[in-house]
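> One file: model.cif (mmCIF, C-alpha atoms).
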data_query
loop_
_atom_site.label_atom_id
_atom_site.label_comp_id
_atom_site.auth_asym_id
_atom_site.auth_seq_id
_atom_site.Cartn_x
_atom_site.Cartn_y
_atom_site.Cartn_z
CA MET U 225 8.54 17.92 27.59
CA MET U 226 9.22 14.59 29.22
CA CYS U 227 11.70 12.30 27.48
CA LEU U 228 11.58 8.59 28.12
CA HIS U 229 15.11 7.84 26.99
CA ASP U 230 18.50 9.48 27.13
CA HIS U 231 19.31 10.80 23.64
CA THR U 232 22.66 9.03 23.48
CA SER U 233 21.78 5.73 25.09
CA ALA U 234 18.27 4.73 24.16
CA PRO U 235 17.79 1.12 25.31
CA ALA U 236 17.96 -1.62 22.73
CA LEU U 237 14.90 -3.74 22.15
CA PRO U 238 14.92 -7.23 23.70
CA ALA U 239 16.50 -9.61 21.22
CA ASN U 240 14.73 -12.68 22.54
CA LEU U 241 11.13 -11.48 22.64
CA PRO U 242 9.05 -14.10 20.77
CA ARG U 243 7.11 -12.82 17.78
CA ARG U 244 4.69 -15.72 17.58
CA GLY U 245 2.50 -14.52 20.44
CA ILE U 246 2.43 -10.98 19.09
CA LEU U 247 1.52 -12.09 15.57
CA ALA U 248 -1.10 -14.44 16.95
CA GLY U 249 -2.67 -11.57 18.86
CA ALA U 250 -2.59 -9.38 15.76
CA ALA U 251 -4.16 -12.15 13.72
CA ALA U 252 -6.91 -12.58 16.29
CA LEU U 253 -7.64 -8.85 16.26
CA ALA U 254 -7.72 -8.93 12.47
CA GLY U 255 -10.31 -11.70 12.58
CA ILE U 256 -7.87 -14.24 11.18
CA SER U 257 -8.35 -17.88 12.09
CA MET U 258 -7.49 -21.13 10.39
CA ALA U 259 -11.19 -21.87 10.06
CA SER U 260 -12.00 -18.57 8.36
CA ILE U 261 -9.04 -18.84 6.01
CA ALA U 262 -9.91 -22.40 5.05
CA ALA U 263 -13.49 -21.37 4.36
CA GLN U 264 -12.33 -18.65 1.97
CA ILE U 265 -9.95 -20.80 -0.03
CA GLY U 266 -12.07 -23.90 -0.14
CA GLY U 267 -9.99 -25.96 2.25
CA ALA U 268 -6.76 -25.75 0.26
CA PRO U 269 -3.79 -27.33 2.04
CA ALA U 270 -1.54 -25.20 4.20
CA ALA U 271 1.34 -23.57 2.37
CA HIS U 272 4.98 -24.45 2.53
CA ALA U 273 7.17 -22.13 4.58
CA ALA U 274 10.75 -22.15 5.80
CA ASP U 275 9.70 -22.16 9.47
CA ARG U 276 6.84 -24.60 9.77
CA PRO U 277 4.67 -24.30 12.85
CA SER U 278 4.20 -27.26 15.11
CA GLY U 279 0.81 -28.51 16.23
CA PRO U 280 -1.83 -31.13 15.48
CA ASN U 281 -3.61 -29.03 12.84
CA TYR U 282 -0.59 -28.46 10.62
CA HIS U 283 0.21 -31.27 8.20
CA GLY U 284 3.07 -29.74 6.26
CA SER U 285 1.40 -30.07 2.86
CA PRO U 286 3.23 -28.19 0.13
CA LEU U 287 1.56 -25.15 -1.38
CA THR U 288 -0.15 -25.88 -4.67
CA HIS U 289 -0.89 -23.17 -7.22
CA PRO U 290 -3.38 -24.20 -9.90
CA ALA U 291 -2.40 -23.20 -13.41
CA LEU U 292 -4.41 -20.50 -15.17
CA ILE U 293 -4.56 -19.31 -18.77
CA ILE U 294 -6.09 -15.96 -19.70
CA GLU U 295 -6.37 -15.78 -23.47
CA GLY U 296 -7.76 -13.59 -26.20
CA GLY U 297 -7.45 -10.24 -24.48
CA THR U 298 -5.16 -7.31 -25.23
CA ILE U 299 -2.22 -7.54 -22.81
CA VAL U 300 -0.86 -4.17 -21.69
CA ASP U 301 2.66 -3.44 -20.45
CA PRO U 302 2.49 -0.27 -18.32
CA LYS U 303 6.24 0.28 -18.50
CA THR U 304 6.45 0.53 -22.28
CA GLY U 305 2.85 1.36 -23.08
CA GLU U 306 2.83 -1.46 -25.62
CA ALA U 307 -0.11 -3.80 -26.06
CA VAL U 308 -0.37 -7.31 -27.52
CA GLU U 309 -3.71 -8.05 -29.13
CA ASP U 310 -5.15 -11.57 -28.87
CA GLY U 311 -2.54 -12.28 -26.23
CA VAL U 312 -2.07 -15.16 -23.83
CA LEU U 313 -1.07 -15.05 -20.17
CA VAL U 314 -0.02 -18.31 -18.52
CA LEU U 315 0.22 -18.47 -14.72
CA ASP U 316 1.71 -21.52 -13.04
CA GLY U 317 3.32 -22.20 -9.69
CA GLY U 318 2.42 -18.76 -8.41
CA LYS U 319 4.43 -17.07 -11.19
CA VAL U 320 3.99 -15.86 -14.75
CA ALA U 321 5.05 -18.80 -16.89
CA ALA U 322 4.61 -16.98 -20.20
CA VAL U 323 3.02 -13.85 -21.63
CA GLY U 324 2.69 -12.58 -25.17
CA SER U 325 1.32 -13.67 -28.50
CA ARG U 326 -0.22 -17.08 -29.07
CA ASP U 327 2.89 -18.23 -30.93
CA ALA U 328 5.23 -16.99 -28.19
CA THR U 329 3.29 -18.77 -25.45
CA LEU U 330 2.58 -22.02 -27.30
CA LYS U 331 5.08 -24.12 -25.34
CA ALA U 332 3.92 -22.81 -21.94
CA VAL U 333 0.29 -23.46 -22.84
CA ALA U 334 1.14 -27.04 -23.81
CA ALA U 335 2.97 -27.55 -20.50
CA VAL U 336 -0.17 -26.82 -18.46
CA ALA U 337 -2.70 -28.36 -20.86
CA GLY U 338 -5.25 -30.48 -19.07
CA ARG U 339 -4.69 -28.97 -15.64
CA ALA U 340 -5.11 -25.25 -16.25
CA GLN U 341 -8.29 -23.25 -15.90
CA VAL U 342 -8.88 -21.16 -19.01
CA LEU U 343 -10.49 -17.71 -19.04
CA ASN U 344 -11.52 -16.14 -22.34
CA ALA U 345 -10.79 -12.40 -22.22
CA THR U 346 -11.59 -11.67 -25.87
CA GLY U 347 -12.60 -8.05 -26.31
CA ARG U 348 -11.08 -7.05 -22.97
CA TRP U 349 -7.72 -5.83 -21.66
CA VAL U 350 -5.35 -7.78 -19.41
CA LEU U 351 -3.06 -5.94 -17.02
CA PRO U 352 -0.88 -6.66 -13.99
CA GLY U 353 -2.59 -6.49 -10.62
CA LEU U 354 -2.76 -2.89 -9.46
CA ILE U 355 -0.89 -1.45 -6.48
CA ASP U 356 -2.42 0.81 -3.83
CA VAL U 357 0.35 2.49 -1.82
CA HIS U 358 -1.84 3.82 1.01
CA VAL U 359 -4.42 1.63 2.75
CA HIS U 360 -5.46 0.89 6.32
CA ALA U 361 -6.36 -2.81 6.45
CA ASN U 362 -7.09 -4.24 9.88
CA ALA U 363 -9.11 -7.36 9.12
CA LEU U 364 -9.73 -10.08 6.54
CA ALA U 365 -12.84 -8.27 5.33
CA ASP U 366 -10.70 -5.21 4.57
CA ALA U 367 -8.26 -7.33 2.59
CA ARG U 368 -11.09 -8.91 0.58
CA ALA U 369 -12.56 -5.52 -0.28
CA ILE U 370 -9.19 -4.23 -1.46
CA LEU U 371 -8.70 -7.26 -3.70
CA GLN U 372 -12.15 -6.91 -5.24
CA GLY U 373 -11.19 -3.47 -6.51
CA GLY U 374 -8.16 -4.83 -8.35
CA ALA U 375 -5.33 -3.97 -5.94
CA THR U 376 -3.23 -7.10 -5.50
CA SER U 377 -0.33 -5.36 -3.74
CA VAL U 378 -0.60 -2.64 -1.13
CA ARG U 379 1.44 -0.54 1.27
CA SER U 380 -0.07 -0.09 4.70
CA GLY U 381 -0.62 3.41 6.01
CA SER U 382 -0.48 1.91 9.53
CA SER U 383 -2.70 -0.38 11.56
CA SER U 384 -3.78 -0.26 15.18
CA PHE U 385 -2.43 -3.58 16.53
CA TYR U 386 0.02 -4.86 13.91
CA GLN U 387 -2.77 -6.49 11.92
CA ASP U 388 -0.98 -5.45 8.72
CA VAL U 389 2.05 -7.49 9.79
CA ALA U 390 -0.19 -10.54 10.21
CA LEU U 391 -1.91 -9.90 6.87
CA ALA U 392 1.48 -9.68 5.17
CA ALA U 393 2.15 -13.30 6.14
CA LEU U 394 -1.00 -14.69 4.55
CA PRO U 395 -0.11 -14.81 0.82
CA GLY U 396 2.60 -17.38 1.51
CA TRP U 397 0.09 -19.64 3.21
CA ALA U 398 -3.28 -18.91 1.63
CA PRO U 399 -3.11 -17.37 -1.88
CA GLY U 400 -5.88 -14.93 -2.63
CA VAL U 401 -6.85 -14.20 0.97
CA SER U 402 -4.92 -10.93 1.24
CA PRO U 403 -3.07 -8.63 -1.13
CA ARG U 404 0.70 -8.64 -0.95
CA MET U 405 1.15 -6.31 2.01
CA THR U 406 4.03 -4.00 2.85
CA PRO U 407 3.25 -3.43 6.54
CA ALA U 408 3.87 -0.23 8.49
CA GLY U 409 2.80 -1.30 11.96
CA LEU U 410 1.72 1.49 14.30
CA PHE U 411 1.37 5.14 13.29
CA ILE U 412 4.28 7.18 14.64
CA SER U 413 2.12 9.86 16.21
CA PRO U 414 2.05 11.67 19.57
CA ASP U 415 -1.05 9.95 20.93
CA LEU U 416 -1.01 6.18 20.50
CA GLY U 417 -4.23 5.59 22.42
CA ASP U 418 -5.10 1.93 22.81
CA SER U 419 -2.34 0.99 20.35
CA LEU U 420 -0.06 1.13 23.40
CA LEU U 421 -1.54 -2.31 24.15
CA ALA U 422 -0.24 -3.76 20.89
CA ASP U 423 3.06 -4.82 22.46
CA PRO U 424 4.60 -4.91 25.94
CA ASP U 425 7.55 -2.83 24.78
CA LEU U 426 5.16 0.08 24.20
CA ALA U 427 4.08 0.26 27.84
CA PRO U 428 6.86 2.71 28.88
CA LEU U 429 5.51 5.24 26.37
CA ALA U 430 2.36 5.52 28.49
CA THR U 431 4.40 7.54 31.02
CA LEU U 432 4.84 10.41 28.56
CA ALA U 433 2.42 13.13 29.63
CA GLY U 434 2.87 15.05 26.39
CA GLY U 435 2.80 12.06 24.10
CA VAL U 436 5.54 10.66 21.87
CA LYS U 437 7.35 13.79 20.76
CA ASP U 438 10.97 13.72 21.86
CA PRO U 439 13.32 12.51 19.08
CA ALA U 440 14.66 9.69 21.27
CA ASP U 441 11.15 8.44 22.02
CA LEU U 442 10.21 8.66 18.34
CA ALA U 443 13.27 6.59 17.49
CA TYR U 444 12.32 4.02 20.14
CA LEU U 445 8.78 3.64 18.77
CA THR U 446 10.17 3.31 15.25
CA ARG U 447 12.49 0.49 16.36
CA VAL U 448 9.61 -1.30 18.09
CA ASN U 449 7.72 -1.25 14.79
CA LEU U 450 10.67 -2.64 12.86
CA ASN U 451 11.24 -5.34 15.45
CA ARG U 452 7.63 -6.43 15.07
CA GLY U 453 7.84 -6.84 11.31
CA ALA U 454 7.08 -3.41 9.87
CA GLN U 455 8.78 -2.95 6.49
CA VAL U 456 7.98 0.75 6.18
CA ILE U 457 7.27 3.45 8.76
CA LYS U 458 4.31 5.84 8.77
CA THR U 459 4.49 9.19 10.56
CA ARG U 460 2.98 12.65 10.30
CA ALA U 461 3.78 16.33 10.03
CA ASN U 462 0.20 17.59 10.44
CA PRO U 463 -3.19 16.53 11.88
CA ARG U 464 -5.95 14.93 9.80
CA ALA U 465 -8.04 16.90 7.32
CA GLY U 466 -10.90 14.43 7.60
CA LEU U 467 -11.65 15.32 11.23
CA PRO U 468 -13.44 18.68 11.47
CA GLU U 469 -12.12 19.37 14.97
CA GLN U 470 -8.50 19.17 13.77
CA ASP U 471 -6.52 21.78 11.85
CA PRO U 472 -4.57 20.01 9.07
CA ARG U 473 -2.14 22.94 8.81
CA GLU U 474 -1.01 22.75 12.44
CA LEU U 475 2.50 21.34 12.85
CA VAL U 476 2.70 18.04 14.76
CA TYR U 477 6.32 17.05 14.08
CA ASN U 478 9.04 19.36 12.81
CA GLN U 479 12.06 18.49 10.67
CA GLU U 480 14.18 17.50 13.66
CA GLN U 481 11.55 15.10 14.96
CA LEU U 482 10.91 13.60 11.54
CA SER U 483 14.64 13.22 10.99
CA ALA U 484 14.79 11.09 14.14
CA VAL U 485 12.16 8.79 12.68
CA VAL U 486 13.93 8.55 9.33
CA LYS U 487 17.26 7.80 10.98
CA ALA U 488 15.77 5.13 13.25
CA ALA U 489 13.99 3.58 10.26
CA ASN U 490 17.47 2.59 9.09
CA GLY U 491 16.64 2.43 5.40
CA ALA U 492 13.00 1.39 5.70
CA GLY U 493 10.98 3.87 3.66
CA VAL U 494 9.10 6.48 5.68
CA LEU U 495 5.75 7.72 4.43
CA CYS U 496 4.65 11.01 5.92
CA HIS U 497 1.12 12.38 6.30
CA ALA U 498 1.54 16.08 5.54
CA TYR U 499 -0.68 19.00 4.46
CA SER U 500 0.94 22.35 5.29
CA ALA U 501 3.76 23.86 3.26
CA GLU U 502 5.99 23.91 6.35
CA GLY U 503 5.13 20.34 7.30
CA ILE U 504 5.71 18.97 3.80
CA ASP U 505 9.01 20.79 3.41
CA GLY U 506 10.28 19.60 6.79
CA ALA U 507 9.34 16.02 5.93
CA VAL U 508 11.07 16.14 2.55
CA ARG U 509 14.24 17.62 4.02
CA ALA U 510 14.14 15.04 6.81
CA GLY U 511 14.45 12.37 4.12
CA VAL U 512 11.04 10.70 4.03
CA ARG U 513 10.43 8.38 1.10
CA SER U 514 6.99 9.68 0.19
CA ILE U 515 4.63 12.53 0.98
CA GLU U 516 1.02 11.51 1.60
CA HIS U 517 -1.75 14.03 0.75
CA GLY U 518 0.57 17.05 0.27
CA VAL U 519 -2.14 19.59 -0.57
CA PHE U 520 -0.21 22.78 0.15
CA VAL U 521 3.18 21.71 -1.19
CA SER U 522 5.22 24.71 -2.33
CA GLU U 523 7.05 25.16 -5.61
CA GLY U 524 10.38 25.09 -3.79
CA THR U 525 9.53 21.86 -2.01
CA ILE U 526 8.44 20.26 -5.27
CA ALA U 527 11.87 21.08 -6.69
CA GLU U 528 13.47 19.49 -3.61
CA MET U 529 11.29 16.38 -4.00
CA ALA U 530 12.42 16.05 -7.60
CA ARG U 531 16.05 16.44 -6.55
CA ARG U 532 15.79 13.86 -3.78
CA GLY U 533 13.53 11.39 -5.58
CA THR U 534 10.72 11.80 -3.02
CA TYR U 535 7.47 10.19 -4.15
CA PHE U 536 4.10 11.97 -4.01
CA THR U 537 0.92 10.14 -2.99
CA PRO U 538 -1.88 12.73 -3.41
CA THR U 539 -4.72 10.43 -2.18
CA MET U 540 -7.06 12.28 -4.54
CA ASP U 541 -10.27 10.54 -3.55
CA ALA U 542 -9.69 11.03 0.17
CA ILE U 543 -9.39 14.78 -0.42
CA THR U 544 -11.95 15.38 -3.15
CA SER U 545 -14.66 13.25 -1.52
CA MET U 546 -14.78 15.60 1.46
CA ALA U 547 -16.62 18.09 -0.76
CA ALA U 548 -19.71 15.88 -0.54
CA SER U 549 -19.58 15.62 3.25
CA ALA U 550 -22.63 16.54 5.32
CA ASN U 551 -20.27 18.29 7.71
CA PRO U 552 -19.89 21.91 6.56
CA ILE U 553 -16.26 22.14 7.69
CA LEU U 554 -15.25 19.04 5.75
CA ALA U 555 -17.30 20.07 2.72
CA ALA U 556 -15.55 23.44 2.69
CA ARG U 557 -12.16 21.76 2.94
CA GLY U 558 -12.96 19.42 0.07
CA GLN U 559 -14.09 22.29 -2.13
CA GLU U 560 -11.03 24.39 -1.26
CA TYR U 561 -8.43 21.63 -1.36
CA THR U 562 -9.47 19.85 -4.57
CA PRO U 563 -8.26 22.41 -7.14
CA ILE U 564 -5.14 23.12 -5.05
CA LEU U 565 -4.24 19.43 -4.95
CA GLN U 566 -4.92 18.98 -8.66
CA ALA U 567 -2.56 21.86 -9.40
CA ALA U 568 0.03 20.33 -7.07
CA VAL U 569 -0.14 17.03 -8.94
CA ARG U 570 0.37 18.77 -12.28
CA ALA U 571 3.25 20.87 -10.99
CA ALA U 572 4.95 17.91 -9.32
CA HIS U 573 4.62 15.75 -12.41
CA GLN U 574 6.00 18.48 -14.66
CA ALA U 575 8.94 18.90 -12.28
CA GLY U 576 9.79 15.20 -12.48
CA VAL U 577 8.33 14.04 -9.16
CA THR U 578 6.98 10.49 -9.34
CA ILE U 579 3.25 10.34 -8.60
CA VAL U 580 1.89 7.13 -7.08
CA ALA U 581 -1.69 6.04 -6.45
CA GLY U 582 -2.96 5.58 -2.92
CA THR U 583 -6.61 5.62 -1.86
CA ASP U 584 -6.21 6.04 1.93
CA SER U 585 -8.97 3.45 2.24
CA PHE U 586 -9.81 2.44 5.80
CA GLY U 587 -11.40 -0.83 6.84
CA THR U 588 -14.08 -2.03 4.46
CA ASP U 589 -14.73 1.52 3.27
CA VAL U 590 -12.53 0.88 0.26
CA THR U 591 -12.10 3.18 -2.69
CA PRO U 592 -11.25 0.96 -5.69
CA ILE U 593 -7.78 1.82 -6.87
CA GLY U 594 -9.16 2.39 -10.38
CA LYS U 595 -11.05 5.44 -9.14
CA GLU U 596 -7.82 6.94 -7.79
CA VAL U 597 -6.16 6.38 -11.16
CA ARG U 598 -9.03 8.13 -12.91
CA LEU U 599 -8.82 11.11 -10.52
CA LEU U 600 -5.08 11.40 -11.19
CA ALA U 601 -5.83 11.54 -14.91
CA GLU U 602 -8.43 14.22 -14.27
CA ALA U 603 -5.75 16.17 -12.40
CA GLY U 604 -3.59 16.19 -15.51
CA LEU U 605 -1.77 12.88 -15.93
CA SER U 606 -2.08 11.02 -19.23
CA PRO U 607 -3.93 7.69 -19.08
CA LEU U 608 -0.62 5.83 -19.39
CA GLU U 609 1.08 7.87 -16.67
CA ALA U 610 -1.96 7.44 -14.43
CA LEU U 611 -1.76 3.68 -15.03
CA ARG U 612 1.92 3.73 -14.14
CA SER U 613 1.09 5.42 -10.83
CA ALA U 614 -0.67 2.21 -9.78
CA THR U 615 1.77 -0.22 -11.40
CA VAL U 616 5.44 0.34 -12.22
CA HIS U 617 5.90 3.59 -10.25
CA ALA U 618 4.19 2.12 -7.20
CA ALA U 619 6.19 -1.10 -7.55
CA ARG U 620 9.43 0.84 -7.48
CA LEU U 621 8.35 2.67 -4.33
CA LEU U 622 7.53 -0.64 -2.65
CA GLY U 623 10.84 -2.18 -3.70
CA LEU U 624 9.24 -4.82 -5.90
CA GLY U 625 11.97 -4.54 -8.51
CA ASP U 626 12.07 -3.42 -12.12
CA ASP U 627 9.60 -6.11 -13.12
CA GLY U 628 7.06 -5.15 -10.45
CA GLY U 629 3.77 -3.80 -11.75
CA ARG U 630 4.20 -5.71 -15.03
CA LEU U 631 3.30 -9.10 -16.48
CA VAL U 632 6.70 -10.63 -17.20
CA ARG U 633 7.97 -14.17 -17.15
CA GLY U 634 8.87 -15.16 -13.61
CA GLY U 635 6.93 -12.23 -12.17
CA PHE U 636 4.05 -12.21 -9.72
CA ALA U 637 0.95 -14.18 -10.70
CA ASP U 638 -1.21 -11.09 -10.14
CA ALA U 639 -3.46 -9.85 -12.93
CA ILE U 640 -6.69 -8.06 -13.68
CA VAL U 641 -9.02 -7.95 -16.68
CA VAL U 642 -10.91 -4.75 -17.54
CA ASP U 643 -13.60 -4.06 -20.11
CA ALA U 644 -12.12 -0.98 -21.83
CA ASP U 645 -8.77 0.29 -23.05
CA PRO U 646 -6.84 1.86 -20.12
CA LEU U 647 -4.37 3.47 -22.52
CA ALA U 648 -7.21 5.51 -24.04
CA ASP U 649 -9.24 6.21 -20.91
CA ALA U 650 -8.02 5.97 -17.30
CA SER U 651 -11.57 5.30 -16.10
CA ALA U 652 -11.30 1.84 -17.69
CA LEU U 653 -9.65 0.62 -14.48
CA GLU U 654 -12.88 1.25 -12.57
CA THR U 655 -14.59 -1.67 -14.32
CA VAL U 656 -12.71 -4.80 -13.28
CA SER U 657 -14.02 -8.16 -14.51
CA VAL U 658 -11.31 -10.49 -13.19
CA VAL U 659 -8.83 -10.27 -10.32
CA VAL U 660 -6.09 -12.84 -9.85
CA ALA U 661 -3.94 -12.58 -6.71
CA GLN U 662 -0.99 -14.89 -6.11
CA GLY U 663 -2.34 -17.16 -8.84
CA ALA U 664 -5.78 -17.49 -7.22
CA ILE U 665 -8.92 -16.10 -8.87
CA VAL U 666 -10.61 -13.83 -6.35
CA ARG U 667 -13.05 -12.20 -8.77
CA ASN U 668 -14.44 -13.51 -12.05
CA GLU U 669 -17.25 -11.81 -13.93
CA LEU U 670 -16.42 -13.01 -17.43
#
Take the structure in this file and express it as structure tokens.

Amino acid sequence: MMCLHDHTSAPALPANLPRRGILAGAAALAGISMASIAAQIGGAPAAHAADRPSGPNYHGSPLTHPALIIEGGTIVDPKTGEAVEDGVLVLDGGKVAAVGSRDATLKAVAAVAGRAQVLNATGRWVLPGLIDVHVHANALADARAILQGGATSVRSGSSSFYQDVALAALPGWAPGVSPRMTPAGLFISPDLGDSLLADPDLAPLATLAGGVKDPADLAYLTRVNLNRGAQVIKTRANPRAGLPEQDPRELVYNQEQLSAVVKAANGAGVLCHAYSAEGIDGAVRAGVRSIEHGVFVSEGTIAEMARRGTYFTPTMDAITSMAASANPILAARGQEYTPILQAAVRAAHQAGVTIVAGTDSFGTDVTPIGKEVRLLAEAGLSPLEALRSATVHAARLLGLGDDGGRLVRGGFADAIVVDADPLADASALETVSVVVAQGAIVRNEL
């Protein structure tokens, strides 16, 4: 095996490499342009930021968030499971100004009277925007599709040219254009393919005849990602189940290799694509933050996940949907894996492992996050616990704080309205009438 770097003296990344050109290239690849953004948000002024760009098209206008009142619906708190009937949610300045009963929100309503848009949610349920912890968004169209399904915050499962890093910058400039994104950058995988062109610092990795496998090279690639703006790191223990020519139980990276990634991540959470019992166990013991897919997780590894606080992202739809594939290999995998994964979810939950909802959506082929929540309930979670997998549990994984995934004063101005009670039936989250992201209405079917 060829190693690019000496294990004890891997070169540091250039400290003075400008990020603007890299982000501009990623934005271009993602289909992001000032014209397209302006068209989507109706020509709203550019947002305020600490580092304002220079140029003739930037006027430095402060970001304005229109006020919004959603009234009459039943407001649900996923953390407590409590619900306020005939409640009022007031959003102003990109934050929750007030939430609760009509009496409790009276002053906040008066403060925005005359300038707030009012939505009547009577007979419906109001919840925080949902969180999808595993998506692959590479373009504005992908971001729009994710938002339409009710996911207002997401964690990237990697992108091909740092498009997720560019998308992560958008909410601060153009509310409602993209979900809040926790970017992962490039997939830490042996074969980078054309992703080697995403940054000049990746060019040396092209000399590796066997791909990126040595621990020092894995650490180098991880540091490149972090230097380019990745906030989490995505790697793998096994190949993909969704490609019939690959064996998802074959080992790609062992515990030593995964440990090198975790160490180089330097505290950034590592999410690990893993299917086989050996691969999952090695990833958990290497210290990854979450296991993605995890079909053949063993009882012993589940106990270790509970001990370490490792999260479990089963990606139910990505696995179960293979059963309907026209490809006989994939159909057989879907039929075999579905009951095994459902049992794994039940066993992990009973052992105290935190289950989080991730769709593994790719591009515009987006599974609405509500479907993933419903599939988790069908696997054995209660409707409330399934809801938590896409709200408070997911928020904790993403580092959004104790108030993440909830509607609380001062919290994110992200909300959805659904037509049925999600505390009684998890499938309620599949019928979304309203989506508000960063204070902007991106879907309204009231």
> How many Å lie between atom CA of Ala614 of chain U and atom CA of Arg630 of chain U, rounded to one decimal?
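We find that atom CA of Ala614 of chain U and atom CA of Arg630 of chain U lie 10.7 Å from each other.
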> Using all atoms listed in the file, which residues sit within 8 Å of segment 297-302 of chain U once same-chain residues fewer than 6 positions away are excluded, as a list in words?
Val308, Glu309, Asp310, Gly311, Val312, Gly324, Asn344, Ala345, Thr346, Gly347, Arg348, Trp349, Val350, Leu351, Leu608, Leu611, Arg612, Thr615, Val616, Gly629, Arg630 and Leu631 of chain U
> Under the rule that only C-alpha atoms are counted, which of U:Ala461, U:Ile593, U:Leu410, U:Ala637 is the nearest residue to Ala369 of chain U?
U:Ile593
> If you measure from atom CA of Val519 of chain U to atom CA of Ile504 of chain U, what distance in Å do you get, rounded to one decimal?
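One can read the atom CA of Val519 of chain U to atom CA of Ile504 of chain U distance as 9.0 Å.
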> Could you tell me how far atom CA of Ala393 of chain U sits from atom CA of Pro428 of chain U, in Å to one decimal place?
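So the answer is 28.2 Å.
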> Evaluate the PyMOL selection byres ((chain U and resi 368) around 9) and record the selected residues as a ChimeraX atom specification, following the chain and residue labels used in the document.
/U:363-367,369-373,400-403,588,666
> Could you check which of U:Asp415, U:Asp327, U:Glu516, U:Asp638 is closest to Val357 of chain U, using all atoms listed in the file?
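Closest candidate: U:Glu516.
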> Which one of U:Gly625, U:Gly511, U:Gly353, U:Gly604 sits closest to Ala375 of chain U if you count all atoms listed in the file?
U:Gly353
> To test your reading of the syntax: which residues would the PyMOL selection byres ((chain U and resi 573) around 12) return for the file shown? Reply as a ChimeraX atom specification.
/U:523,526-527,529-530,534-538,566-572,574-580,600-601,603-606,609-610,613
> Compare U:Val476, U:Val342, U:Ala427, U:Ala291 by their minimum atom-to-atom distance to Gly317 of chain U, counting all atoms listed in the file, and give me the closest one.
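Ranking U:Val476, U:Val342, U:Ala427, U:Ala291 by distance to Gly317 of chain U, first place goes to U:Ala291.
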> Contacts of Leu475 of chain U at 7 Å or less, counting all atoms listed in the file, minus same-chain residues fewer than 2 places along, as a PyMOL selection string?
chain U and resi 461-462+473+477-478+503
> With distances taken over only C-alpha atoms, which residue among U:Leu315, U:Leu482, U:Leu599, U:Ala337 lies nearest Thr562 of chain U?
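Nearest candidate to Thr562 of chain U out of U:Leu315, U:Leu482, U:Leu599, U:Ala337: U:Leu599.
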> Which residue is closest to Leu313 of chain U? Choose from U:Glu602, U:Glu295, U:Asp438, U:Asp541 and count only C-alpha atoms.
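Answer, going by the shortest atom-to-atom distance: U:Glu295.
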> Neighbours of Tyr386 of chain U within 7 Å (all atoms listed in the file; same-chain residues fewer than 3 positions away dropped), as a list in words?
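Within the cut-off, the hits are Ala250, Ser383, Val389, Ala390, Gly409 and Leu410 of chain U.
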> If you keep C-alpha atoms, can you produce a file of those selected residues as a PDB file, in the coordinates of the input?

ATOM      1  CA  ALA U 250      -2.590  -9.380  15.760  1.00  0.00           C
ATOM      2  CA  SER U 383      -2.700  -0.380  11.560  1.00  0.00           C
ATOM      3  CA  VAL U 389       2.050  -7.490   9.790  1.00  0.00           C
ATOM      4  CA  ALA U 390      -0.190 -10.540  10.210  1.00  0.00           C
ATOM      5  CA  GLY U 409       2.800  -1.300  11.960  1.00  0.00           C
ATOM      6  CA  LEU U 410       1.720   1.490  14.300  1.00  0.00           C
TER       7      LEU U 410
END
> Once the PyMOL selection byres ((chain U and resi 425) around 10) has been evaluated on this model, what residues remain selected, and can you format them as a PyMOL selection string?
chain U and resi 237-238+241+420-424+426-429+444-445+448
> Counting all atoms listed in the file, select every polymer residue within 9 Å of (5.7, 4.1, -3.0) as defined in the file's coordinates, and provide the selection as a PyMOL selection string.
chain U and resi 356-358+379+493+495+513-514+535-537+579-582+617-623
